[in-house]
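**Student:** Below you'll find coords.pdb; it's PDB, C-alpha atoms, pLDDT in the B column.
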```
ATOM      1  CA  GLU T   1     -33.832 -56.773  75.688  1.00 61.00           C
ATOM      2  CA  GLU T   2     -34.745 -59.640  73.378  1.00 64.00           C
ATOM      3  CA  THR T   3     -35.947 -57.320  70.565  1.00 69.00           C
ATOM      4  CA  GLU T   4     -33.328 -54.560  71.051  1.00 69.00           C
ATOM      5  CA  SER T   5     -31.066 -55.941  68.316  1.00 70.00           C
ATOM      6  CA  GLN T   6     -33.946 -55.679  65.841  1.00 73.00           C
ATOM      7  CA  ILE T   7     -35.535 -52.392  66.971  1.00 79.00           C
ATOM      8  CA  LEU T   8     -32.390 -50.198  67.152  1.00 78.00           C
ATOM      9  CA  PRO T   9     -31.290 -50.757  63.505  1.00 79.00           C
ATOM     10  CA  PHE T  10     -34.877 -50.111  62.369  1.00 79.00           C
ATOM     11  CA  MET T  11     -35.075 -46.846  64.375  1.00 82.00           C
ATOM     12  CA  THR T  12     -31.666 -45.751  63.083  1.00 81.00           C
ATOM     13  CA  TYR T  13     -32.720 -46.427  59.489  1.00 81.00           C
ATOM     14  CA  THR T  14     -36.022 -44.576  60.008  1.00 82.00           C
ATOM     15  CA  LEU T  15     -34.206 -41.553  61.455  1.00 84.00           C
ATOM     16  CA  GLN T  16     -31.769 -41.509  58.506  1.00 84.00           C
ATOM     17  CA  MET T  17     -34.675 -41.611  56.044  1.00 84.00           C
ATOM     18  CA  PHE T  18     -36.383 -38.764  57.881  1.00 80.00           C
ATOM     19  CA  GLN T  19     -33.227 -36.626  57.778  1.00 81.00           C
ATOM     20  CA  THR T  20     -32.751 -37.380  54.070  1.00 79.00           C
ATOM     21  CA  GLY T  21     -36.339 -36.326  53.420  1.00 76.00           C
ATOM     22  CA  GLU T  22     -35.844 -33.099  55.380  1.00 75.00           C
ATOM     23  CA  ARG T  23     -32.739 -32.211  53.345  1.00 73.00           C
ATOM     24  CA  ALA T  24     -34.540 -32.954  50.072  1.00 68.00           C
ATOM     25  CA  LEU T  25     -37.500 -30.795  51.109  1.00 63.00           C
ATOM     26  CA  LYS T  26     -35.222 -27.928  52.119  1.00 63.00           C
ATOM     27  CA  SER T  27     -33.335 -28.161  48.803  1.00 59.00           C
ATOM     28  CA  THR T  28     -36.618 -28.151  46.854  1.00 59.00           C
ATOM     29  CA  LYS T  29     -37.894 -25.110  48.755  1.00 59.00           C
ATOM     30  CA  GLU T  30     -34.628 -23.200  48.174  1.00 55.00           C
ATOM     31  CA  GLU T  31     -34.677 -24.046  44.463  1.00 62.00           C
ATOM     32  CA  GLN T  32     -38.279 -22.865  44.197  1.00 72.00           C
ATOM     33  CA  LEU T  33     -37.414 -19.632  46.029  1.00 80.00           C
ATOM     34  CA  TRP T  34     -34.690 -18.613  43.566  1.00 81.00           C
ATOM     35  CA  LYS T  35     -36.924 -19.531  40.628  1.00 86.00           C
ATOM     36  CA  ASP T  36     -39.694 -17.362  42.095  1.00 90.00           C
ATOM     37  CA  SER T  37     -37.189 -14.525  42.541  1.00 92.00           C
ATOM     38  CA  VAL T  38     -36.192 -14.739  38.872  1.00 93.00           C
ATOM     39  CA  ILE T  39     -39.837 -14.609  37.774  1.00 93.00           C
ATOM     40  CA  LEU T  40     -40.577 -11.604  40.011  1.00 94.00           C
ATOM     41  CA  PHE T  41     -37.415  -9.795  38.865  1.00 96.00           C
ATOM     42  CA  ASN T  42     -38.291 -10.342  35.198  1.00 95.00           C
ATOM     43  CA  GLU T  43     -41.813  -9.027  35.737  1.00 95.00           C
ATOM     44  CA  TRP T  44     -40.381  -6.033  37.616  1.00 95.00           C
ATOM     45  CA  ILE T  45     -37.918  -4.931  34.924  1.00 96.00           C
ATOM     46  CA  MET T  46     -40.239  -5.700  31.996  1.00 94.00           C
ATOM     47  CA  ARG T  47     -42.499  -2.838  33.111  1.00 93.00           C
ATOM     48  CA  SER T  48     -39.729  -0.401  32.082  1.00 94.00           C
ATOM     49  CA  LYS T  49     -40.718   1.937  29.260  1.00 92.00           C
ATOM     50  CA  THR T  50     -37.522   4.001  29.062  1.00 91.00           C
ATOM     51  CA  LEU T  51     -33.827   3.354  29.570  1.00 91.00           C
ATOM     52  CA  ASN T  52     -33.814   5.378  32.792  1.00 92.00           C
ATOM     53  CA  GLU T  53     -36.733   3.326  34.146  1.00 94.00           C
ATOM     54  CA  ALA T  54     -34.865   0.158  33.220  1.00 94.00           C
ATOM     55  CA  LEU T  55     -31.781   1.298  35.165  1.00 95.00           C
ATOM     56  CA  GLU T  56     -33.910   2.153  38.189  1.00 96.00           C
ATOM     57  CA  ASN T  57     -35.892  -1.102  38.070  1.00 96.00           C
ATOM     58  CA  ILE T  58     -32.816  -3.276  37.576  1.00 97.00           C
ATOM     59  CA  THR T  59     -30.937  -1.797  40.537  1.00 97.00           C
ATOM     60  CA  SER T  60     -33.985  -1.867  42.827  1.00 97.00           C
ATOM     61  CA  GLY T  61     -34.838  -5.395  41.643  1.00 97.00           C
ATOM     62  CA  PHE T  62     -31.439  -6.741  42.673  1.00 97.00           C
ATOM     63  CA  VAL T  63     -32.108  -5.405  46.180  1.00 96.00           C
ATOM     64  CA  ASN T  64     -35.820  -6.245  46.439  1.00 95.00           C
ATOM     65  CA  TYR T  65     -35.533  -9.879  45.367  1.00 95.00           C
ATOM     66  CA  LEU T  66     -32.098 -10.828  46.708  1.00 95.00           C
ATOM     67  CA  PRO T  67     -30.453 -10.515  50.151  1.00 93.00           C
ATOM     68  CA  PHE T  68     -28.675  -7.225  49.414  1.00 96.00           C
ATOM     69  CA  LYS T  69     -29.138  -3.636  50.608  1.00 97.00           C
ATOM     70  CA  ARG T  70     -27.277  -1.563  47.981  1.00 98.00           C
ATOM     71  CA  CYS T  71     -26.711  -1.829  44.250  1.00 98.00           C
ATOM     72  CA  GLY T  72     -24.520   0.180  41.890  1.00 97.00           C
ATOM     73  CA  LEU T  73     -24.956  -0.443  38.159  1.00 97.00           C
ATOM     74  CA  PHE T  74     -22.074   0.056  35.725  1.00 95.00           C
ATOM     75  CA  SER T  75     -21.655  -0.209  31.972  1.00 93.00           C
ATOM     76  CA  TYR T  76     -18.574  -1.725  30.377  1.00 90.00           C
ATOM     77  CA  SER T  77     -16.870  -0.627  27.168  1.00 85.00           C
ATOM     78  CA  ASN T  78     -14.963  -3.519  25.624  1.00 80.00           C
ATOM     79  CA  THR T  79     -13.193  -1.274  23.118  1.00 81.00           C
ATOM     80  CA  GLU T  80     -11.995   1.225  25.721  1.00 82.00           C
ATOM     81  CA  GLN T  81     -11.648  -1.297  28.583  1.00 86.00           C
ATOM     82  CA  ILE T  82     -13.386   1.169  30.900  1.00 89.00           C
ATOM     83  CA  GLY T  83     -16.284   0.919  33.355  1.00 91.00           C
ATOM     84  CA  PHE T  84     -18.778   3.803  33.681  1.00 91.00           C
ATOM     85  CA  GLY T  85     -21.164   4.391  36.574  1.00 94.00           C
ATOM     86  CA  LEU T  86     -24.850   4.412  35.550  1.00 94.00           C
ATOM     87  CA  TYR T  87     -27.194   4.229  38.521  1.00 95.00           C
ATOM     88  CA  GLY T  88     -27.386   3.514  42.240  1.00 97.00           C
ATOM     89  CA  HIS T  89     -30.094   2.110  44.511  1.00 97.00           C
ATOM     90  CA  HIS T  90     -29.604   3.140  48.155  1.00 97.00           C
ATOM     91  CA  LEU T  91     -26.438   4.757  46.797  1.00 96.00           C
ATOM     92  CA  ASN T  92     -25.925   8.312  45.561  1.00 95.00           C
ATOM     93  CA  THR T  93     -26.468   8.048  41.787  1.00 94.00           C
ATOM     94  CA  GLU T  94     -24.500  11.262  41.140  1.00 93.00           C
ATOM     95  CA  LEU T  95     -21.467   9.765  42.885  1.00 94.00           C
ATOM     96  CA  ILE T  96     -21.883   6.513  40.955  1.00 95.00           C
ATOM     97  CA  GLN T  97     -22.058   8.393  37.630  1.00 92.00           C
ATOM     98  CA  LYS T  98     -18.791  10.170  38.408  1.00 92.00           C
ATOM     99  CA  ILE T  99     -16.963   6.835  38.428  1.00 93.00           C
ATOM    100  CA  ASN T 100     -14.988   6.211  35.261  1.00 91.00           C
ATOM    101  CA  GLU T 101     -12.448   3.465  35.896  1.00 91.00           C
ATOM    102  CA  ASP T 102      -9.877   1.698  33.743  1.00 91.00           C
ATOM    103  CA  ILE T 103     -10.250  -2.082  34.042  1.00 89.00           C
ATOM    104  CA  ASN T 104      -6.476  -2.329  34.550  1.00 88.00           C
ATOM    105  CA  ASN T 105      -7.080  -0.801  37.983  1.00 88.00           C
ATOM    106  CA  LEU T 106      -9.459  -3.666  38.859  1.00 88.00           C
ATOM    107  CA  PRO T 107      -7.225  -6.790  38.676  1.00 86.00           C
ATOM    108  CA  ILE T 108      -9.876  -9.334  39.763  1.00 86.00           C
ATOM    109  CA  ILE T 109     -12.342  -8.081  37.156  1.00 86.00           C
ATOM    110  CA  LYS T 110      -9.649  -7.872  34.485  1.00 86.00           C
ATOM    111  CA  LYS T 111      -8.676 -11.513  35.123  1.00 85.00           C
ATOM    112  CA  SER T 112     -12.299 -12.599  34.756  1.00 83.00           C
ATOM    113  CA  LEU T 113     -12.662 -10.624  31.511  1.00 81.00           C
ATOM    114  CA  GLN T 114      -9.549 -12.242  30.074  1.00 79.00           C
ATOM    115  CA  LYS T 115     -11.089 -15.674  30.686  1.00 77.00           C
ATOM    116  CA  LEU T 116     -14.264 -14.586  28.886  1.00 73.00           C
ATOM    117  CA  GLN T 117     -12.265 -13.322  25.904  1.00 70.00           C
ATOM    118  CA  LEU T 118     -10.535 -16.687  25.599  1.00 71.00           C
ATOM    119  CA  LEU T 119     -13.880 -18.512  25.532  1.00 65.00           C
ATOM    120  CA  GLY T 120     -15.400 -16.074  23.034  1.00 60.00           C
ATOM    121  CA  GLU T 121     -18.783 -17.088  21.622  1.00 55.00           C
ATOM    122  CA  ARG T 122     -18.733 -20.461  23.377  1.00 56.00           C
ATOM    123  CA  ILE T 123     -19.632 -18.913  26.712  1.00 62.00           C
ATOM    124  CA  LYS T 124     -23.264 -19.307  27.786  1.00 67.00           C
ATOM    125  CA  LYS T 125     -23.132 -17.859  31.311  1.00 74.00           C
ATOM    126  CA  VAL T 126     -20.886 -15.534  33.292  1.00 81.00           C
ATOM    127  CA  HIS T 127     -20.290 -16.243  36.967  1.00 89.00           C
ATOM    128  CA  PRO T 128     -20.498 -13.539  39.653  1.00 94.00           C
ATOM    129  CA  ILE T 129     -17.392 -12.474  41.550  1.00 94.00           C
ATOM    130  CA  TYR T 130     -17.481 -12.539  45.368  1.00 95.00           C
ATOM    131  CA  MET T 131     -14.968 -10.622  47.473  1.00 95.00           C
ATOM    132  CA  ALA T 132     -15.008 -11.149  51.239  1.00 96.00           C
ATOM    133  CA  GLU T 133     -12.791  -8.049  51.499  1.00 96.00           C
ATOM    134  CA  ALA T 134     -13.500  -5.370  48.897  1.00 95.00           C
ATOM    135  CA  SER T 135     -10.178  -3.694  49.704  1.00 92.00           C
ATOM    136  CA  GLY T 136      -8.421  -6.716  48.174  1.00 90.00           C
ATOM    137  CA  GLY T 137      -9.820  -6.098  44.694  1.00 90.00           C
ATOM    138  CA  LEU T 138     -11.118  -2.524  44.391  1.00 93.00           C
ATOM    139  CA  PRO T 139      -9.333   0.865  44.499  1.00 93.00           C
ATOM    140  CA  ILE T 140      -9.102   2.080  48.081  1.00 94.00           C
ATOM    141  CA  GLN T 141     -10.814   5.405  47.321  1.00 95.00           C
ATOM    142  CA  TYR T 142     -14.080   3.603  46.471  1.00 95.00           C
ATOM    143  CA  VAL T 143     -13.773   1.260  49.446  1.00 96.00           C
ATOM    144  CA  GLN T 144     -13.503   4.262  51.756  1.00 96.00           C
ATOM    145  CA  GLN T 145     -16.037   6.469  49.950  1.00 96.00           C
ATOM    146  CA  PHE T 146     -18.810   3.849  50.030  1.00 97.00           C
ATOM    147  CA  GLU T 147     -17.660   2.046  53.222  1.00 97.00           C
ATOM    148  CA  LEU T 148     -17.341  -1.281  51.416  1.00 97.00           C
ATOM    149  CA  LYS T 149     -16.594  -4.551  53.183  1.00 97.00           C
ATOM    150  CA  SER T 150     -17.819  -7.706  51.408  1.00 97.00           C
ATOM    151  CA  ILE T 151     -19.092  -7.245  47.864  1.00 97.00           C
ATOM    152  CA  VAL T 152     -20.542  -9.246  44.965  1.00 97.00           C
ATOM    153  CA  ILE T 153     -20.110  -8.279  41.321  1.00 96.00           C
ATOM    154  CA  ALA T 154     -22.901  -9.662  39.125  1.00 96.00           C
ATOM    155  CA  PRO T 155     -22.161  -9.543  35.369  1.00 94.00           C
ATOM    156  CA  ILE T 156     -24.767  -7.898  33.116  1.00 94.00           C
ATOM    157  CA  TYR T 157     -24.581 -10.203  30.136  1.00 91.00           C
ATOM    158  CA  VAL T 158     -26.501 -10.565  26.858  1.00 89.00           C
ATOM    159  CA  PRO T 159     -26.646 -14.328  26.104  1.00 84.00           C
ATOM    160  CA  SER T 160     -28.172 -13.856  22.639  1.00 82.00           C
ATOM    161  CA  GLU T 161     -25.134 -11.769  21.620  1.00 83.00           C
ATOM    162  CA  SER T 162     -22.521 -13.450  23.865  1.00 81.00           C
ATOM    163  CA  LYS T 163     -21.667  -9.965  25.068  1.00 86.00           C
ATOM    164  CA  LEU T 164     -20.784  -8.513  28.468  1.00 89.00           C
ATOM    165  CA  ILE T 165     -22.198  -4.989  28.774  1.00 91.00           C
ATOM    166  CA  GLY T 166     -21.797  -4.157  32.452  1.00 93.00           C
ATOM    167  CA  ALA T 167     -22.018  -5.284  36.064  1.00 95.00           C
ATOM    168  CA  ALA T 168     -24.022  -4.766  39.242  1.00 97.00           C
ATOM    169  CA  PHE T 169     -22.015  -4.182  42.424  1.00 97.00           C
ATOM    170  CA  LEU T 170     -23.945  -5.419  45.472  1.00 98.00           C
ATOM    171  CA  ASP T 171     -23.467  -5.459  49.227  1.00 97.00           C
ATOM    172  CA  GLN T 172     -25.445  -5.605  52.469  1.00 97.00           C
ATOM    173  CA  GLY T 173     -24.737  -2.070  53.631  1.00 96.00           C
ATOM    174  CA  PRO T 174     -21.809   0.032  54.883  1.00 96.00           C
ATOM    175  CA  GLY T 175     -19.104  -2.054  56.561  1.00 96.00           C
ATOM    176  CA  GLN T 176     -21.114  -5.305  56.404  1.00 97.00           C
ATOM    177  CA  GLN T 177     -19.350  -8.618  55.840  1.00 96.00           C
ATOM    178  CA  PHE T 178     -21.339 -11.527  54.409  1.00 96.00           C
ATOM    179  CA  GLU T 179     -21.165 -14.760  52.440  1.00 94.00           C
ATOM    180  CA  VAL T 180     -23.107 -15.805  49.342  1.00 93.00           C
ATOM    181  CA  SER T 181     -25.045 -19.072  49.026  1.00 90.00           C
ATOM    182  CA  ARG T 182     -24.997 -21.289  45.941  1.00 88.00           C
ATOM    183  CA  ASP T 183     -28.629 -20.430  45.181  1.00 89.00           C
ATOM    184  CA  THR T 184     -27.846 -16.705  45.335  1.00 92.00           C
ATOM    185  CA  TYR T 185     -25.012 -17.233  42.836  1.00 92.00           C
ATOM    186  CA  THR T 186     -27.424 -18.989  40.473  1.00 91.00           C
ATOM    187  CA  THR T 187     -30.030 -16.259  40.860  1.00 94.00           C
ATOM    188  CA  LEU T 188     -27.456 -13.520  40.255  1.00 95.00           C
ATOM    189  CA  MET T 189     -26.531 -15.096  36.913  1.00 93.00           C
ATOM    190  CA  LYS T 190     -30.193 -15.240  35.867  1.00 94.00           C
ATOM    191  CA  PHE T 191     -30.791 -11.641  36.984  1.00 96.00           C
ATOM    192  CA  GLY T 192     -27.710 -10.489  35.079  1.00 95.00           C
ATOM    193  CA  GLN T 193     -28.892 -12.158  31.868  1.00 94.00           C
ATOM    194  CA  SER T 194     -32.395 -10.676  32.156  1.00 95.00           C
ATOM    195  CA  ALA T 195     -30.975  -7.222  32.858  1.00 96.00           C
ATOM    196  CA  GLY T 196     -28.606  -7.587  29.902  1.00 94.00           C
ATOM    197  CA  GLU T 197     -31.394  -8.459  27.485  1.00 93.00           C
ATOM    198  CA  ILE T 198     -33.603  -5.515  28.449  1.00 93.00           C
ATOM    199  CA  LEU T 199     -30.698  -3.031  28.365  1.00 93.00           C
ATOM    200  CA  ALA T 200     -29.690  -4.387  24.946  1.00 90.00           C
ATOM    201  CA  LYS T 201     -33.267  -3.827  23.790  1.00 88.00           C
ATOM    202  CA  PHE T 202     -33.198  -0.166  24.834  1.00 86.00           C
ATOM    203  CA  GLY T 203     -29.741   0.202  23.318  1.00 76.00           C
ATOM    204  CA  ALA T 204     -31.045  -1.100  19.995  1.00 64.00           C
ATOM    205  CA  ALA T 205     -33.988   1.310  20.195  1.00 56.00           C
ATOM    206  CA  ASN T 206     -31.629   4.227  20.819  1.00 56.00           C
ATOM    207  CA  ARG T 207     -29.487   3.227  17.843  1.00 54.00           C
ATOM    208  CA  LYS T 208     -32.616   3.066  15.669  1.00 53.00           C
ATOM    209  CA  ASN T 209     -33.722   6.523  16.802  1.00 51.00           C
ATOM    210  CA  THR T 210     -30.258   7.892  16.085  1.00 46.00           C
ATOM    211  CA  SER T 211     -30.384   6.477  12.546  1.00 46.00           C
ATOM    212  CA  ASN T 212     -33.718   8.302  12.092  1.00 48.00           C
ATOM    213  CA  GLY T 213     -32.088  11.589  13.000  1.00 47.00           C
ATOM    214  CA  ILE T 214     -33.032  11.571  16.697  1.00 47.00           C
ATOM    215  CA  THR T 215     -29.958  11.555  18.922  1.00 53.00           C
ATOM    216  CA  HIS T 216     -30.073  10.352  22.552  1.00 58.00           C
ATOM    217  CA  LEU T 217     -26.883  11.068  24.479  1.00 63.00           C
ATOM    218  CA  SER T 218     -25.936   9.355  27.725  1.00 65.00           C
ATOM    219  CA  SER T 219     -25.062  11.443  30.793  1.00 65.00           C
ATOM    220  CA  ARG T 220     -21.411  10.515  30.247  1.00 73.00           C
ATOM    221  CA  GLU T 221     -21.508  11.649  26.597  1.00 76.00           C
ATOM    222  CA  ILE T 222     -23.066  14.968  27.636  1.00 72.00           C
ATOM    223  CA  GLU T 223     -20.344  15.382  30.274  1.00 74.00           C
ATOM    224  CA  VAL T 224     -17.632  14.794  27.650  1.00 79.00           C
ATOM    225  CA  LEU T 225     -19.210  17.314  25.256  1.00 77.00           C
ATOM    226  CA  LYS T 226     -19.306  19.924  28.044  1.00 74.00           C
ATOM    227  CA  LEU T 227     -15.601  19.367  28.726  1.00 76.00           C
ATOM    228  CA  VAL T 228     -14.811  19.712  25.008  1.00 78.00           C
ATOM    229  CA  ALA T 229     -16.842  22.936  24.863  1.00 76.00           C
ATOM    230  CA  GLU T 230     -14.777  24.269  27.773  1.00 76.00           C
ATOM    231  CA  GLY T 231     -11.567  23.600  25.832  1.00 77.00           C
ATOM    232  CA  ALA T 232     -10.551  20.223  27.302  1.00 77.00           C
TER     233      ALA T 232
END
```
Produce structure tokens that represent the structure in this file.
**Tutor:**
Amino acid sequence: EETESQILPFMTYTLQMFQTGERALKSTKEEQLWKDSVILFNEWIMRSKTLNEALENITSGFVNYLPFKRCGLFSYSNTEQIGFGLYGHHLNTELIQKINEDINNLPIIKKSLQKLQLLGERIKKVHPIYMAEASGGLPIQYVQQFELKSIVIAPIYVPSESKLIGAAFLDQGPGQQFEVSRDTYTTLMKFGQSAGEILAKFGAANRKNTSNGITHLSSREIEVLKLVAEGA
């Protein structure tokens, strides 16, 4: 009883220090985890030798190194304001490639793009878009077709060119609702930049081959040519 007034404040202070240390350790571990994920993702996609391999490795990498189950990769045409489906991991790639959507039909994405256009070359990073309810921001036909609930849209961005070239649509499976942590947001931005750089590299290689007389057409370009040949 005589020492209680001295011991209790000391024990309270010690407990507070312990809790502070625990939080700091947890934060350090989480930071190291997302940094490790970025390193592993970069190593994974750098093994790509062709554009098709890059698409496959990027989509699988988003799922393998982040808490997601499905990934759909899309390209974005700034001149046409249209998104084209490229590839799917744990999604039917043929169905993804049939998607050809005007950005005006995607109001949340359009609003984000307008902000980027205002910033222009000053922008250094593009933030992901999280939707707790996909039906609130995506056309209902896609929500029903792919059984979407919560979804994250990770920009595929080329920092060296200050250029947005596409996006990865990610979720945790049919009808699954989820939230996204701050560390996952950070990792998504890093993944998107790495994916953008490697896709830009293959794009530059394709342009070089075309200038040498070797033409490489995308699946969408082949589809358009077939329609033209049929009289469309």
**Student:** Can you list, as number ranges by chain, every protein, DNA or RNA residue that comes within 9 Å of segment 185-192 of chain T when you count all atoms listed in the file, leaving out same-chain residues fewer than 6 positions away?
**Tutor:** T: 34-35, 37-38, 41-42, 58, 61-62, 66, 125-128, 154-158, 167-168
**Student:** From the set T:Glu94, T:Lys115, T:Gly173, T:Ile222, which residue has the shortest atom-to-atom contact distance to Arg70 of chain T, counting all atoms listed in the file?
**Tutor:**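 Result for the nearest residue to Arg70 of chain T: T:Gly173.
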**Student:** Quick one: residues within 12 Å of Gly136 of chain T, all atoms listed in the file, excluding same-chain residues fewer than 2 positions away - as an NGL selection string?
**Tutor:** :T and (105-109 or 130-134 or 138-140 or 142-143 or 148-151)
**Student:** Taking all atoms listed in the file into account, which of T:Gln141, T:Ile45, T:Phe18, T:Val228 comes nearest Ile99 of chain T?
**Tutor:**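 Nearest candidate to Ile99 of chain T out of T:Gln141, T:Ile45, T:Phe18, T:Val228: T:Gln141.
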**Student:** Considering only C-alpha atoms, can you say which of T:Pro9, T:Gly72, T:Pro159, T:Gly88 comes closest to Ser194 of chain T?
**Tutor:** T:Pro159
**Student:** Using the chain letters and residue numbers of this document, give as a PyMOL selection string the residues selected by the PyMOL selection byres ((chain T and resi 87) around 9).
**Tutor:** chain T and resi 52+55-56+59+71-74+85-86+88-89+91-94+96-97
**Student:** How many Å lie between atom CA of Val63 of chain T and atom CA of Gln81 of chain T, rounded to one decimal?
**Tutor:**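 Here the two named atoms are 27.3 Å from each other.
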**Student:** Given the choices T:Leu51, T:Val152, T:Leu33, T:Leu95, which gets closest to Ala200 of chain T if the distance is worked out from all atoms listed in the file?
**Tutor:**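 Of all the options, T:Leu51 lies closest to Ala200 of chain T.
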**Student:** Figure out the distance between atom CA of Arg182 of chain T and atom CA of Gln144 of chain T, please, to one decimal in Å.
**Tutor:**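 Atom CA of Arg182 of chain T lies at a distance of 28.6 Å from atom CA of Gln144 of chain T.
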**Student:** Pick from T:Gln32, T:Gly203, T:Gly83, T:Thr14: nearest to Asp102 of chain T, with all atoms listed in the file counted?
**Tutor:**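 Under the stated criterion, the closest residue is T:Gly83.
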**Student:** Separation of atom CA of Gln177 of chain T and atom CA of Asn64 of chain T, in Å?
**Tutor:** 19.1 Å
**Student:** Compare T:Arg47, T:Leu199, T:Thr79, T:His90 by their minimum atom-to-atom distance to Asp171 of chain T, counting all atoms listed in the file, and give me the closest one.
**Tutor:** T:His90
**Student:** Quick test: take segment 179-192 of chain T, keep C-alpha atoms, and write it as a CSV table (one decimal), in the first residue's frame.
**Tutor:**
```csv
chain,number,residue,atom,x,y,z
T,179,GLU,CA,-11.9,-3.8,-48.1
T,180,VAL,CA,-8.4,-2.6,-49.1
T,181,SER,CA,-5.6,-1.7,-46.6
T,182,ARG,CA,-3.3,1.3,-47.0
T,183,ASP,CA,-0.3,-1.0,-47.7
T,184,THR,CA,-2.3,-2.8,-50.5
T,185,TYR,CA,-3.0,0.6,-52.1
T,186,THR,CA,0.7,1.5,-52.0
T,187,THR,CA,1.6,-1.9,-53.5
T,188,LEU,CA,-1.0,-1.6,-56.2
T,189,MET,CA,0.5,1.7,-57.4
T,190,LYS,CA,4.0,0.2,-57.5
T,191,PHE,CA,2.7,-2.9,-59.4
T,192,GLY,CA,0.9,-0.6,-61.9
```
